[in-house]
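Structure data (mmCIF, C-alpha atoms) from structure_36.cif:
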data_coords
loop_
_atom_site.label_atom_id
_atom_site.label_comp_id
_atom_site.auth_asym_id
_atom_site.auth_seq_id
_atom_site.Cartn_x
_atom_site.Cartn_y
_atom_site.Cartn_z
CA MET A 498 1.14 -4.00 -4.53
CA ASN A 499 -2.24 -4.16 -2.79
CA ILE A 500 -5.16 -6.35 -3.82
CA HIS A 501 -8.85 -6.33 -2.94
CA GLU A 502 -10.44 -8.33 -0.14
CA HIS A 503 -12.28 -10.68 -2.50
CA GLN A 504 -8.99 -11.45 -4.29
CA ALA A 505 -7.23 -12.05 -0.98
CA LYS A 506 -9.93 -14.49 0.08
CA GLU A 507 -9.58 -16.44 -3.15
CA LEU A 508 -5.89 -16.85 -2.36
CA LEU A 509 -6.69 -17.93 1.18
CA LYS A 510 -9.03 -20.60 -0.18
CA GLN A 511 -6.27 -21.89 -2.45
CA PHE A 512 -4.16 -22.47 0.67
CA ASN A 513 -6.98 -24.16 2.61
CA VAL A 514 -7.62 -21.22 4.91
CA PRO A 515 -11.33 -20.99 5.91
CA VAL A 516 -13.37 -18.08 4.55
CA LEU A 517 -17.09 -17.57 3.97
CA ASN A 518 -18.71 -18.14 0.59
CA GLY A 519 -19.00 -14.96 -1.44
CA PHE A 520 -18.79 -13.35 -4.87
CA VAL A 521 -17.85 -10.02 -6.38
CA ALA A 522 -20.20 -8.00 -8.61
CA TYR A 523 -19.50 -4.94 -10.76
CA ASN A 524 -23.14 -4.27 -11.71
CA GLN A 525 -26.66 -5.45 -10.92
CA ASN A 526 -26.67 -8.02 -13.73
CA GLU A 527 -23.77 -9.82 -12.07
CA LEU A 528 -25.56 -9.56 -8.73
CA ASP A 529 -28.67 -11.15 -10.31
CA LYS A 530 -26.66 -14.08 -11.66
CA GLN A 531 -24.89 -14.91 -8.40
CA ILE A 532 -27.14 -13.92 -5.52
CA ASP A 533 -28.68 -17.42 -5.28
CA THR A 534 -25.24 -18.98 -4.70
CA LEU A 535 -25.42 -17.67 -1.13
CA LYS A 536 -27.80 -19.30 1.32
CA GLY A 537 -28.45 -16.45 3.78
CA PRO A 538 -30.38 -15.68 5.93
CA ILE A 539 -27.68 -13.09 6.65
CA TRP A 540 -25.65 -11.44 3.94
CA VAL A 541 -22.72 -9.00 4.24
CA VAL A 542 -22.30 -6.35 1.53
CA LYS A 543 -18.78 -4.91 1.30
CA ALA A 544 -17.38 -2.09 -0.82
CA GLN A 545 -14.05 -3.06 -2.40
CA ILE A 546 -11.44 -0.31 -2.22
CA HIS A 547 -7.77 -0.33 -1.26
CA ALA A 548 -8.28 1.20 2.18
CA GLY A 549 -9.12 0.11 5.70
CA GLY A 550 -11.89 1.43 7.91
CA ARG A 551 -14.60 0.75 5.33
CA GLY A 552 -17.18 -0.18 7.96
CA LYS A 553 -16.90 3.15 9.76
CA GLY A 554 -17.35 4.94 6.44
CA GLY A 555 -20.51 3.04 5.50
CA GLY A 556 -18.78 0.59 3.18
CA VAL A 557 -19.76 -2.60 5.04
CA LYS A 558 -23.40 -3.48 5.73
CA VAL A 559 -25.00 -6.57 7.29
CA VAL A 560 -28.50 -7.27 5.90
CA ASN A 561 -31.12 -9.96 6.44
CA SER A 562 -32.99 -10.21 3.12
CA LYS A 563 -32.22 -10.36 -0.58
CA GLU A 564 -34.25 -7.19 -1.06
CA ASN A 565 -31.91 -5.41 1.35
CA VAL A 566 -28.91 -6.85 -0.50
CA TYR A 567 -30.14 -5.18 -3.70
CA GLU A 568 -30.97 -1.92 -1.96
CA THR A 569 -27.59 -1.76 -0.21
CA PHE A 570 -25.74 -2.77 -3.39
CA ASN A 571 -27.36 0.01 -5.43
CA ASN A 572 -26.73 2.60 -2.72
CA MET A 573 -23.10 1.54 -2.33
CA MET A 574 -22.08 1.16 -5.98
CA GLY A 575 -20.55 4.40 -7.22
CA MET A 576 -20.50 6.05 -3.80
CA ASN A 577 -17.45 8.06 -2.74
CA LEU A 578 -16.24 6.15 0.30
CA VAL A 579 -14.21 8.18 2.79
CA THR A 580 -12.14 6.45 5.48
CA LYS A 581 -9.13 7.37 7.61
CA GLN A 582 -6.90 5.77 4.99
CA THR A 583 -8.41 7.37 1.89
CA GLY A 584 -8.13 10.93 3.14
CA PRO A 585 -10.94 13.46 2.67
CA GLU A 586 -11.06 12.91 -1.10
CA GLY A 587 -12.28 9.31 -0.62
CA LYS A 588 -12.43 6.57 -3.27
CA GLU A 589 -15.18 5.62 -5.69
CA VAL A 590 -16.69 2.17 -5.15
CA LYS A 591 -16.54 0.24 -8.44
CA ARG A 592 -16.94 -3.34 -7.20
CA ILE A 593 -18.80 -4.91 -4.28
CA TYR A 594 -18.26 -8.20 -2.49
CA ILE A 595 -21.28 -10.05 -1.11
CA GLU A 596 -20.77 -12.97 1.25
CA ASP A 597 -22.67 -15.13 3.73
CA GLY A 598 -22.93 -14.00 7.32
CA CYS A 599 -22.02 -16.08 10.36
CA MET A 600 -22.64 -16.21 14.11
CA ILE A 601 -19.56 -14.83 15.82
CA LYS A 602 -18.46 -16.05 19.22
CA GLU A 603 -15.12 -14.20 19.51
CA GLU A 604 -13.06 -11.81 17.36
CA PHE A 605 -9.27 -11.82 17.09
CA TYR A 606 -6.50 -10.21 15.07
CA ILE A 607 -3.65 -11.97 13.25
CA SER A 608 -1.12 -10.79 10.68
CA TYR A 609 2.17 -11.69 9.09
CA LEU A 610 4.64 -9.02 8.02
CA ILE A 611 8.33 -8.50 7.34
CA ASP A 612 10.23 -7.24 10.38
CA ARG A 613 13.27 -5.40 9.01
CA LYS A 614 14.96 -5.11 12.39
CA THR A 615 15.20 -8.88 12.90
CA LYS A 616 15.24 -9.67 9.14
CA SER A 617 12.50 -12.21 9.65
CA ILE A 618 8.79 -12.78 9.23
CA CYS A 619 6.79 -11.62 12.24
CA LEU A 620 3.44 -13.07 13.31
CA ILE A 621 1.31 -10.63 15.30
CA ALA A 622 -1.72 -11.88 17.22
CA SER A 623 -4.16 -10.10 19.49
CA SER A 624 -7.35 -10.90 21.36
CA GLU A 625 -8.69 -7.50 20.30
CA GLY A 626 -10.03 -8.26 16.83
CA GLY A 627 -11.94 -5.66 14.85
CA MET A 628 -9.89 -2.78 16.26
CA ASP A 629 -6.97 -0.84 14.83
CA ILE A 630 -3.89 -2.77 15.93
CA GLU A 631 -2.02 0.54 16.48
CA GLU A 632 -4.64 1.55 19.05
CA VAL A 633 -4.40 -1.83 20.79
CA ALA A 634 -0.60 -1.58 20.89
CA GLU A 635 -0.81 1.86 22.48
CA LYS A 636 -3.53 1.20 25.06
CA THR A 637 -3.24 -2.52 25.85
CA PRO A 638 0.15 -3.82 24.65
CA LEU A 639 -0.11 -6.94 26.82
CA LYS A 640 -2.94 -8.13 24.57
CA ILE A 641 -0.55 -8.49 21.63
CA ALA A 642 1.87 -11.33 20.95
CA LYS A 643 4.76 -11.01 18.50
CA ILE A 644 6.37 -14.19 17.22
CA PHE A 645 9.45 -14.01 15.01
CA ILE A 646 9.61 -16.93 12.61
CA ASP A 647 12.88 -18.85 12.43
CA PRO A 648 14.41 -17.63 9.12
CA VAL A 649 16.18 -20.96 8.63
CA THR A 650 13.08 -23.16 8.74
CA ASN A 651 10.43 -20.50 7.95
CA LYS A 652 7.98 -22.65 9.89
CA LEU A 653 5.90 -22.24 13.03
CA SER A 654 6.89 -24.30 16.03
CA LYS A 655 4.43 -25.70 18.58
CA ASP A 656 5.71 -23.11 21.05
CA ASP A 657 4.89 -20.35 18.53
CA VAL A 658 1.32 -21.59 18.15
CA SER A 659 1.00 -21.99 21.93
CA LYS A 660 1.92 -18.31 22.40
CA VAL A 661 -0.79 -17.30 19.94
CA SER A 662 -3.29 -19.63 21.62
CA ASP A 663 -2.48 -18.15 25.01
CA ILE A 664 -2.88 -14.53 23.90
CA LEU A 665 -6.22 -15.44 22.31
CA SER A 666 -7.27 -17.37 25.46
CA LEU A 667 -8.12 -20.49 23.46
CA GLY A 668 -8.42 -24.03 24.74
CA GLU A 669 -6.56 -27.16 23.70
CA THR A 670 -9.45 -28.25 21.47
CA GLN A 671 -8.71 -25.39 19.04
CA PHE A 672 -4.94 -25.92 18.94
CA ASP A 673 -4.74 -28.19 15.89
CA GLN A 674 -7.13 -26.07 13.85
CA LEU A 675 -5.28 -22.89 14.80
CA ASN A 676 -1.93 -24.48 13.96
CA GLU A 677 -3.12 -25.55 10.51
CA ILE A 678 -4.57 -22.14 9.67
CA LEU A 679 -1.55 -20.16 10.85
CA SER A 680 0.81 -22.54 9.01
CA ASN A 681 -1.16 -22.28 5.78
CA ILE A 682 -1.22 -18.48 5.90
CA LEU A 683 2.55 -18.50 6.48
CA LYS A 684 2.96 -20.80 3.48
CA LEU A 685 0.93 -18.35 1.35
CA PHE A 686 3.01 -15.45 2.66
CA ILE A 687 6.28 -17.11 1.66
CA GLU A 688 5.27 -18.69 -1.64
CA LYS A 689 3.67 -15.52 -3.01
CA ASP A 690 6.34 -13.08 -1.70
CA ALA A 691 3.86 -11.14 0.41
CA SER A 692 4.97 -8.23 2.56
CA LEU A 693 1.75 -8.14 4.64
CA ILE A 694 -1.18 -10.47 5.27
CA GLU A 695 -3.64 -9.11 7.81
CA ILE A 696 -6.76 -10.94 8.99
CA ASN A 697 -8.98 -8.63 11.03
CA PRO A 698 -11.21 -9.92 12.35
CA PHE A 699 -10.16 -13.54 12.59
CA VAL A 700 -13.17 -15.08 14.32
CA LEU A 701 -14.28 -18.13 16.23
CA THR A 702 -17.90 -18.97 15.36
CA GLU A 703 -20.63 -20.27 17.65
CA ASP A 704 -19.90 -23.81 16.39
CA ASN A 705 -16.18 -23.34 17.28
CA GLN A 706 -14.84 -22.96 13.76
CA PHE A 707 -12.27 -20.34 12.77
CA LEU A 708 -13.00 -18.00 9.85
CA CYS A 709 -11.18 -15.10 8.18
CA LEU A 710 -13.86 -12.42 7.95
CA ASP A 711 -11.63 -9.82 6.34
CA ALA A 712 -8.28 -10.05 4.59
CA LYS A 713 -5.75 -7.45 3.54
CA MET A 714 -2.71 -8.41 1.48
CA ASN A 715 0.28 -6.54 0.13
CA PHE A 716 2.98 -8.03 -2.09
CA ASP A 717 6.62 -7.14 -2.70
CA SER A 718 6.61 -5.24 -5.99
CA ASN A 719 10.19 -6.32 -6.66
CA ALA A 720 9.07 -9.98 -6.75
CA LEU A 721 6.07 -9.57 -9.05
CA PHE A 722 8.11 -10.62 -12.09
CA ARG A 723 7.84 -14.20 -10.85
CA HIS A 724 4.16 -14.00 -9.88
CA GLU A 725 2.07 -13.24 -12.94
CA GLU A 726 -0.96 -14.61 -11.11
CA ILE A 727 -0.57 -11.88 -8.49
CA LEU A 728 0.28 -9.12 -10.95
CA SER A 729 -2.92 -9.93 -12.86
CA LEU A 730 -4.89 -8.90 -9.73
CA ARG A 731 -3.59 -5.32 -9.87
CA ASP A 732 -6.37 -2.71 -9.96
CA LEU A 733 -4.91 0.38 -11.62
CA SER A 734 -8.05 2.40 -10.87
CA GLU A 735 -7.11 2.22 -7.17
CA GLU A 736 -3.65 3.66 -7.73
CA GLU A 737 -2.42 7.22 -8.21
CA PRO A 738 -2.19 7.88 -12.00
CA LEU A 739 1.15 9.66 -11.66
CA GLU A 740 2.58 6.70 -9.75
CA ILE A 741 1.44 4.36 -12.53
CA GLU A 742 3.05 6.60 -15.16
CA ALA A 743 6.29 6.76 -13.17
CA SER A 744 6.50 2.98 -12.91
CA LYS A 745 6.38 2.76 -16.73
CA HIS A 746 9.66 4.66 -16.86
CA GLY A 747 11.39 2.78 -14.04
CA LEU A 748 10.96 5.65 -11.56
CA ASN A 749 10.07 5.29 -7.88
CA TYR A 750 7.42 7.96 -7.29
CA ILE A 751 4.91 8.54 -4.50
CA LYS A 752 2.58 11.53 -4.57
CA LEU A 753 2.38 13.61 -1.39
CA ASP A 754 0.38 16.69 -0.41
CA GLY A 755 3.02 19.44 -0.44
CA THR A 756 4.07 22.14 -2.92
CA ILE A 757 7.75 21.42 -3.60
CA GLY A 758 8.50 18.75 -6.17
CA CYS A 759 11.59 16.65 -5.49
CA MET A 760 13.83 14.78 -7.92
CA VAL A 761 16.56 12.84 -6.15
CA ASN A 762 18.69 9.75 -6.77
CA GLY A 763 18.63 7.24 -3.93
CA ALA A 764 15.86 6.52 -1.44
CA GLY A 765 17.86 7.65 1.59
CA LEU A 766 18.85 10.94 -0.03
CA ALA A 767 15.24 11.44 -1.13
CA MET A 768 14.02 11.00 2.45
CA ALA A 769 16.63 13.44 3.73
CA THR A 770 15.59 15.94 1.07
CA MET A 771 11.95 15.73 2.09
CA ASP A 772 12.87 16.10 5.76
CA ILE A 773 14.91 19.26 5.23
CA ILE A 774 12.14 20.84 3.15
CA LYS A 775 9.79 20.34 6.11
CA LEU A 776 12.47 21.65 8.46
CA TYR A 777 12.43 24.97 6.61
CA GLY A 778 8.65 25.33 6.65
CA GLU A 779 7.32 23.77 3.42
CA LYS A 780 6.08 20.30 2.47
CA PRO A 781 7.31 17.99 -0.30
CA ALA A 782 4.87 17.27 -3.13
CA ASN A 783 6.35 13.86 -3.83
CA PHE A 784 8.95 11.22 -3.19
CA LEU A 785 10.83 10.60 -6.44
CA ASP A 786 13.92 8.43 -6.71
CA VAL A 787 15.30 8.31 -10.26
CA GLY A 788 17.76 5.57 -9.29
CA GLY A 789 21.51 5.33 -9.48
CA GLY A 790 21.85 5.05 -13.26
CA ALA A 791 19.08 7.16 -14.73
CA THR A 792 19.25 8.20 -18.39
CA LYS A 793 18.54 11.65 -19.78
CA GLU A 794 15.14 10.35 -20.93
CA GLN A 795 14.29 9.18 -17.41
CA VAL A 796 15.23 12.58 -16.02
CA MET A 797 12.95 14.26 -18.57
CA ASN A 798 10.10 11.90 -17.72
CA ALA A 799 10.65 12.53 -14.01
CA PHE A 800 10.31 16.26 -14.59
CA LYS A 801 7.14 15.81 -16.61
CA ILE A 802 5.57 13.68 -13.88
CA ILE A 803 6.44 16.23 -11.19
CA LEU A 804 5.00 19.06 -13.27
CA SER A 805 1.82 17.09 -13.93
CA ASP A 806 0.95 17.69 -10.27
CA GLU A 807 -0.86 21.04 -10.22
CA SER A 808 0.01 21.59 -6.55
CA VAL A 809 3.75 21.86 -7.35
CA LYS A 810 4.96 25.46 -6.95
CA GLY A 811 8.69 24.79 -7.19
CA ILE A 812 11.17 21.99 -7.83
CA LEU A 813 14.29 20.90 -5.96
CA VAL A 814 16.74 18.64 -7.80
CA ASN A 815 19.24 16.98 -5.47
CA ILE A 816 21.62 14.61 -7.26
CA PHE A 817 24.74 12.89 -5.99
CA GLY A 818 26.40 11.50 -9.10
CA GLY A 819 28.14 8.17 -8.71
CA ILE A 820 27.15 5.87 -11.52
CA MET A 821 24.94 8.68 -12.77
CA ARG A 822 26.95 11.54 -14.27
CA CYS A 823 26.03 15.10 -13.38
CA GLU A 824 26.23 16.42 -16.96
CA ILE A 825 23.55 13.91 -18.02
CA ILE A 826 21.27 15.17 -15.26
CA ALA A 827 22.01 18.77 -16.25
CA GLN A 828 21.24 18.12 -19.93
CA GLY A 829 17.98 16.39 -19.00
CA ILE A 830 17.00 19.38 -16.86
CA ILE A 831 17.82 21.85 -19.64
CA ASP A 832 15.99 19.91 -22.35
CA THR A 833 12.87 19.46 -20.22
CA ALA A 834 12.81 23.08 -19.05
CA ASN A 835 13.00 24.26 -22.67
CA GLU A 836 10.39 21.78 -23.90
CA LEU A 837 7.88 22.59 -21.14
CA ASN A 838 8.62 26.32 -20.86
CA LEU A 839 9.27 25.88 -17.15
CA SER A 840 7.96 28.90 -15.24
CA ILE A 841 8.15 27.84 -11.59
CA PRO A 842 11.28 28.15 -9.41
CA LEU A 843 13.90 25.44 -9.93
CA VAL A 844 16.79 24.86 -7.53
CA VAL A 845 19.50 22.38 -8.53
CA ARG A 846 22.16 20.90 -6.29
CA LEU A 847 24.64 18.61 -8.07
CA GLU A 848 27.57 16.73 -6.55
CA GLY A 849 29.77 13.87 -7.73
CA THR A 850 30.93 12.59 -11.11
CA ASN A 851 31.49 15.38 -13.69
CA VAL A 852 29.85 17.91 -11.39
CA GLU A 853 31.79 20.88 -12.83
CA LEU A 854 30.71 19.99 -16.36
CA GLY A 855 27.12 19.65 -15.17
CA LYS A 856 27.20 23.07 -13.52
CA LYS A 857 28.74 24.52 -16.67
CA TYR A 858 25.84 23.20 -18.76
CA LEU A 859 23.34 24.78 -16.36
CA ASP A 860 25.19 28.12 -16.19
CA GLU A 861 25.38 28.38 -19.98
CA SER A 862 21.78 27.29 -20.60
CA GLY A 863 20.34 30.78 -20.28
CA LEU A 864 17.57 29.38 -18.08
CA ASN A 865 16.49 30.77 -14.73
CA ILE A 866 17.98 27.94 -12.65
CA ILE A 867 19.04 28.57 -9.06
CA SER A 868 22.22 26.71 -8.14
CA ALA A 869 23.12 25.44 -4.67
CA ASN A 870 26.34 23.97 -3.33
CA ASP A 871 24.84 21.74 -0.62
CA LEU A 872 21.47 20.35 0.48
CA ASP A 873 20.94 22.85 3.27
CA GLU A 874 21.46 25.78 0.91
CA ALA A 875 19.26 24.15 -1.73
CA ALA A 876 16.38 23.65 0.71
CA LYS A 877 16.54 27.23 1.96
CA LYS A 878 16.55 28.58 -1.59
CA ILE A 879 13.58 26.56 -2.87
CA VAL A 880 11.51 27.29 0.24
CA SER A 881 12.29 31.00 -0.09
CA ALA A 882 11.45 31.01 -3.82
CA VAL A 883 8.13 29.22 -3.30
CA SER A 884 7.20 31.47 -0.37
CA LYS A 885 7.79 34.59 -2.50
CA GLY A 886 5.65 33.10 -5.26
CA ASN A 887 2.77 32.63 -2.84
#
Output the file's structure in the form of structure tokens.
Amino acid sequence: MNIHEHQAKELLKQFNVPVLNGFVAYNQNELDKQIDTLKGPIWVVKAQIHAGGRGKGGGVKVVNSKENVYETFNNMMGMNLVTKQTGPEGKEVKRIYIEDGCMIKEEFYISYLIDRKTKSICLIASSEGGMDIEEVAEKTPLKIAKIFIDPVTNKLSKDDVSKVSDILSLGETQFDQLNEILSNILKLFIEKDASLIEINPFVLTEDNQFLCLDAKMNFDSNALFRHEEILSLRDLSEEEPLEIEASKHGLNYIKLDGTIGCMVNGAGLAMATMDIIKLYGEKPANFLDVGGGATKEQVMNAFKIILSDESVKGILVNIFGGIMRCEIIAQGIIDTANELNLSIPLVVRLEGTNVELGKKYLDESGLNIISANDLDEAAKKIVSAVSKGN
């Protein structure tokens, strides 16, 4: 789950990590009430959306008068902000963060994330703040340090901090301050079950103080049940409506930009299904994992969510029944197809527990369902059916 920058900075403050003073406003009345809490003479006006690259899209402005704050605020509120991460459709700006400016001496990059290969928390630091870290890694990899946190202690050692200090070309006078900040961010990361905390830029000011000028945070959705304070920060308006609906039914759904809807059980099988669709020349419209023990009702809801996407021209069901029985999947497919008067091509590949009974249900349903014996055959059939329809 993502949160906004202003929410991330409130969390940083709670863990004694230095940020600038600022406030969020949803309308001009709120701006009026809070503008005098900032001293100026420089203000930074920032659109709050769940996407990076806001500055390049016109979503971050530095101004030098209150009049310019108001002008920028009114121009920014309600705008459709397009960045590399939003795609061409962009996102509407519904809240704006205004904060004090500062005099920057140097810009850096730091982040914490989960490294699945080493099964540990990884601290990434770079002297190239303000840039995309992927670009830095590609062009100047020697300017990046990766430190893997000891999973037993989950603490930074002095050697760890020294490596960061070296890559940032800092002196001994900044060591203690850097150590405290990095340790406090790590504490936040662990205590709140974060999956990513990115500070870019992390700056050193003219008076040699560190500040987090921007903050991006993502939290493990599976741990939100024990963090109501984090869950309360969720902004549903920033999320895909179909993904929100799917989560209500215990379904793992991510909308994509293709034409073939996928309903699969198991994340690995779902990924393989999407890959083979692309192999045969089409693109998946979604990732949808119904889980290992889905009920008939969940199957029906999964179908309804897939069909709510107007770009879907055909559906591929690929189920390997272990805990989930194939006849339950088949009955869910039949009931949904009848209820919704399904008119687009539907290819079903079933394997596993009670597979013959499931196939029997489908064969006797009287519906135009295309059966397949394996994934390769299923992918070829749905791609062919969609191509003919186009």
For the structure provided, state which residues fall under the PyMOL selection byres ((chain A and resi 801-812) around 6), and present them as a ChimeraX atom specification.
/A:756-759,798-800,813,841-843,883
request  = Find the residues with any atom within 7 Å of (-15.5, -15.3, 14.6); use only C-alpha atoms and the coordinates as given in the file, and write the answer as number ranges by chain.
outcome  = A: 601-604, 699-702, 707-708
Take the point (26.3, 14.0, -10.6) in the file's coordinates, draw a sphere of radius 6 Å around it, and report as a CSV table (one decimal) with C-alpha atoms, keeping the file's coordinate frame every protein, DNA or RNA residue with an atom inside or on it, counting all atoms listed in the file.
chain,number,residue,atom,x,y,z
A,816,ILE,CA,21.6,14.6,-7.3
A,817,PHE,CA,24.7,12.9,-6.0
A,818,GLY,CA,26.4,11.5,-9.1
A,821,MET,CA,24.9,8.7,-12.8
A,822,ARG,CA,27.0,11.5,-14.3
A,823,CYS,CA,26.0,15.1,-13.4
A,847,LEU,CA,24.6,18.6,-8.1
A,848,GLU,CA,27.6,16.7,-6.6
A,849,GLY,CA,29.8,13.9,-7.7
A,850,THR,CA,30.9,12.6,-11.1
A,852,VAL,CA,29.8,17.9,-11.4
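Of the listed residues (A:Asn499, A:Ser729, A:Asn851, A:Asn835), A:Asn499 comes nearest to Ser692 (chain A); the distances count all atoms listed in the file.
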re CA of Asp717 (chain A) and CA of Asp732 (chain A): distance 15.5 Å
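When only C-alpha atoms are used to measure the gap to Gln531 (chain A), the shortest distance among A:Asn561, A:Val566, A:Gly763, A:Gly555 belongs to A:Val566.
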Using only C-alpha atoms, determine which residues lie at most 6 Å from Leu785 (chain A), disregarding the query and same-chain residues fewer than 6 positions distant; provide the list as an NGL selection string. :A and (749-750 or 760)
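If you look at CA of Asp873 (chain A) and CA of Lys780 (chain A), they are 15.1 Å away from each other.
Every protein, DNA or RNA residue with an atom at most 9 Å from Pro698 (chain A), where all atoms listed in the file count and chain neighbours fewer than 2 positions away do not, is listed here: Glu604, Phe605, Tyr606, Ile607, Glu625, Gly626, Gly627, Met628, Glu695, Ile696, Val700, Leu708, Cys709, Leu710, Asp711 and Ala712 of chain A.
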Go ahead and write the residues just picked, C-alpha atoms, as a tab-separated table (two decimals), in the coordinates of the input.
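Heads up, here's the output in part-v4.tsv:
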chain	number	residue	atom	x	y	z
A	604	GLU	CA	-13.06	-11.81	17.36
A	605	PHE	CA	-9.27	-11.82	17.09
A	606	TYR	CA	-6.50	-10.21	15.07
A	607	ILE	CA	-3.65	-11.97	13.25
A	625	GLU	CA	-8.69	-7.50	20.30
A	626	GLY	CA	-10.03	-8.26	16.83
A	627	GLY	CA	-11.94	-5.66	14.85
A	628	MET	CA	-9.89	-2.78	16.26
A	695	GLU	CA	-3.64	-9.11	7.81
A	696	ILE	CA	-6.76	-10.94	8.99
A	700	VAL	CA	-13.17	-15.08	14.32
A	708	LEU	CA	-13.00	-18.00	9.85
A	709	CYS	CA	-11.18	-15.10	8.18
A	710	LEU	CA	-13.86	-12.42	7.95
A	711	ASP	CA	-11.63	-9.82	6.34
A	712	ALA	CA	-8.28	-10.05	4.59
Using all atoms listed in the file, the residue out of A:Phe686, A:Phe784, A:Phe645, A:Tyr858 with shortest distance to Lys752 (chain A) is A:Phe784
query = Do you know which residues the PyMOL selection byres ((chain A and resi 525) around 12) returns on this file, as a ChimeraX atom specification?
reply = /A:521-524,526-532,566-574,591-593
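For Gln504 (chain A), the list of residues within 12 Å, based on all atoms listed in the file and with local chain neighbours fewer than 4 positions off taken out, reads Asn499, Ile500, Leu508, Leu509, Lys510, Gln511, Val516, Gly519, Phe520, Val521, Gln545, Ile546, His547, Arg592, Ile593, Tyr594, Asp711, Ala712, Lys713, Met714, Asn715, Glu726, Ile727, Leu728, Ser729, Leu730, Arg731 and Asp732 of chain A.
Across the structure, CA of Val787 (chain A) and CA of Ile831 (chain A) are spaced 16.7 Å apart.
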